[in-house]
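Step one of this worksheet: look at the structure below.
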Amino acid sequence: MTSATRGRGRTRREQLTIAAVAAILGILVIGQLRGQAAVPGLSTLSTQELTLVIANLNTRNEQLRTEIAGLEQQAASLQSARANGQTTVDQLDGDLARIQAWSGAIGLTGPGISISVRGAIGGDGIEEVLNELRNSGAEAIAVADVRVVPGVVVAGAPGALSIENTPLGDVFEIRAIGSPEILVGTLTRAGGVIAQIGATYPDARLSVTPLETVALPASTRNLIPGDGQPRL
Amino acid sequence: MNSLLARARAIPSWQITLAVALLVLGFLIAAQLSAEGPRVRYTTQERSPLVESAQSLQSQQDALKARILELRNQIGAMESQGPGSGDSLKALYASLEQARIGAGLIGLTGPGIVFRLEDSSQPGAGSDSLVSAQDLRVLVQELWLGGAEAVSINDERVTVSTAVLDIGGSVLVNSAYLAPPYKVTAIGPGDLYPRLQASISFREFVTDRVEHHGLGLAVAQRDAVDVPAFAGTVAIRFGQPAASPGATP
């Protein structure tokens, strides 16, 4: 074998080695980029958590389908009214009241619960309770007669809680409208939010009472944005 | 010194190329491994149908939400060109539109800020290095206290009924599954961010969760940000509304 042939063979091996390394490099770069682009997604959830996600999605999708059915009916009524030259004032009044009551612009009355809060608890603990109430389907919530709407926060250290710049004092009441059974059951279950608060704030006492009728006031806030403009 | 240089010059160029390539390879493997982070990935076969179901339901939800927004826009358009021209009817339509804006059923645009909150990139960190529902709730509460008037997490509008819950290492907002990184968008006064910076509780959040546990937090102040409309239900099953001041007598 001549030295020229040996040289050509070595050059080919070198080129093959570099090509192999470059190929591996390319695969890794693509993997890295894809890994960064993709959301961690459902692959990070356990079987139990996936079941919970599916249950939540099912419930929400059913609610959305009901909402769509109502909206389609509303659109059909409006269409028909336009065709006949008539108006559907009663329906419009009903829609207006429903949206205003949901958003907190007007008061709401119905079955629900009362939570009596005593002892030292921080604003984060109360916000946990409010979050759990929303998760349990509460239709309206008030803390010490202040309607809870976007922008309203219970804040402060234990003993210095306030809502809408008003001190809450040592004893106050949270009231919510919704299914009393579901609300009581969710809040007071073993390992539920009240049990968790008991571990974080051992001096706090939260007692839940189902009520046949709860009357919640309208929010005193102006719910119409001043800085934001509607995207119509 | 001269002999060293001479030996360096004697190294074939392909060996240098290979060395550089192997260095990059090592770096990429290290980056790949660290990117796995503390989030556990499950690979058992029985989960596959569950993942597919969840993905399918999430796709259905996206389609349902899009349909709701479409119908609401359609209804709004019909109302604005309604057959009635009486003043009371016009006032009723105007009240409805205001009620929808106040309820978050119409998207908003305005000055504001956008936060991007993501898991810690520190390798080997525990669950404290993941963004939790509590982190998002605290950030949203701080925004409200700073004067924000509309907030969204990713594309979910925060409304009167919004719950933010932990699910594994990710969160559910309005019952929609969201994965990190989380984009929290807020419309508010021009000095919203300075107000946040002046807040003791916001600074504590930054110190504890961002600086101590390494969460990623980036912020951008913008002249105009968009907060989407709430694409969920506003049904009331248990409550009875009080008389609406905007209703026709």
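Starting from 1 in every chain, residues are counted up; chains themselves are A, B, ... following the order of the structure tokens, and ligands are numbered from 1 as listed.
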
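Residues with any atom within 9 Å of stretch 178-180 of chain A, counting only C-alpha atoms and excluding same-chain neighbours fewer than 5 positions away, are Gly110, Pro111, Gly112, Ile113, Ser136, Gly137, Ala138, Glu139, Ala140, Gly185, Thr209, Pro210, Leu211 and Glu212 of chain A; Arg237, Phe238 and Gly239 of chain B.
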
- Near chain B, which residues of chain A fall within 6 Å when you count only C-alpha atoms, and what do they look like as a VMD selection string? chain A and resid 25 41 43 to 45 54 56 61 64 67 to 68 75 82 85 93 96 to 97 100 to 101 103 107 to 110 131 134 to 135 149 to 151 178 223 to 224 227 to 231

Based on the selection just made, write C-alpha atoms of those residues as a short mmCIF file (atom, residue, chain, number, x, y, z; two decimals), in the first residue's frame.
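Output saved as out_21.cif:
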data_model
loop_
_atom_site.label_atom_id
_atom_site.label_comp_id
_atom_site.auth_asym_id
_atom_site.auth_seq_id
_atom_site.Cartn_x
_atom_site.Cartn_y
_atom_site.Cartn_z
CA LEU A 25 -24.75 17.25 17.10
CA GLY A 41 -47.83 19.52 28.85
CA SER A 43 -46.70 14.26 30.21
CA THR A 44 -45.72 15.77 33.55
CA LEU A 45 -48.94 14.68 35.25
CA ILE A 54 -60.19 15.26 32.63
CA ASN A 56 -62.38 19.46 35.27
CA ASN A 61 -67.03 21.76 28.60
CA LEU A 64 -69.63 25.91 27.94
CA GLU A 67 -73.70 28.65 27.64
CA ILE A 68 -73.56 28.14 23.87
CA ALA A 75 -79.12 35.07 18.84
CA ARG A 82 -85.24 41.82 13.69
CA GLY A 85 -89.56 44.32 13.63
CA ASP A 93 -83.73 42.73 30.80
CA LEU A 96 -78.75 42.29 31.73
CA ALA A 97 -79.71 41.29 35.27
CA GLN A 100 -74.78 42.28 36.29
CA ALA A 101 -75.51 39.85 39.13
CA SER A 103 -70.20 40.34 37.77
CA GLY A 107 -76.96 42.26 44.47
CA LEU A 108 -77.79 38.57 44.49
CA THR A 109 -79.91 36.44 46.84
CA GLY A 110 -79.95 32.66 47.18
CA ASN A 131 -60.18 30.62 45.74
CA ARG A 134 -64.81 29.88 43.44
CA ASN A 135 -63.53 26.41 42.63
CA VAL A 149 -65.08 41.21 42.47
CA PRO A 150 -61.89 41.46 40.38
CA GLY A 151 -59.64 43.98 42.10
CA GLY A 178 -74.10 28.43 45.78
CA LEU A 223 -66.49 47.84 37.21
CA ILE A 224 -66.07 49.74 33.96
CA ASP A 227 -57.43 52.67 31.41
CA GLY A 228 -58.53 49.85 29.13
CA GLN A 229 -60.66 50.25 26.04
CA PRO A 230 -62.95 47.52 24.74
CA ARG A 231 -61.70 45.61 21.72
#

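One finds atom CA of A:Ala195 at 21.8 Å from atom CA of A:Ile177.
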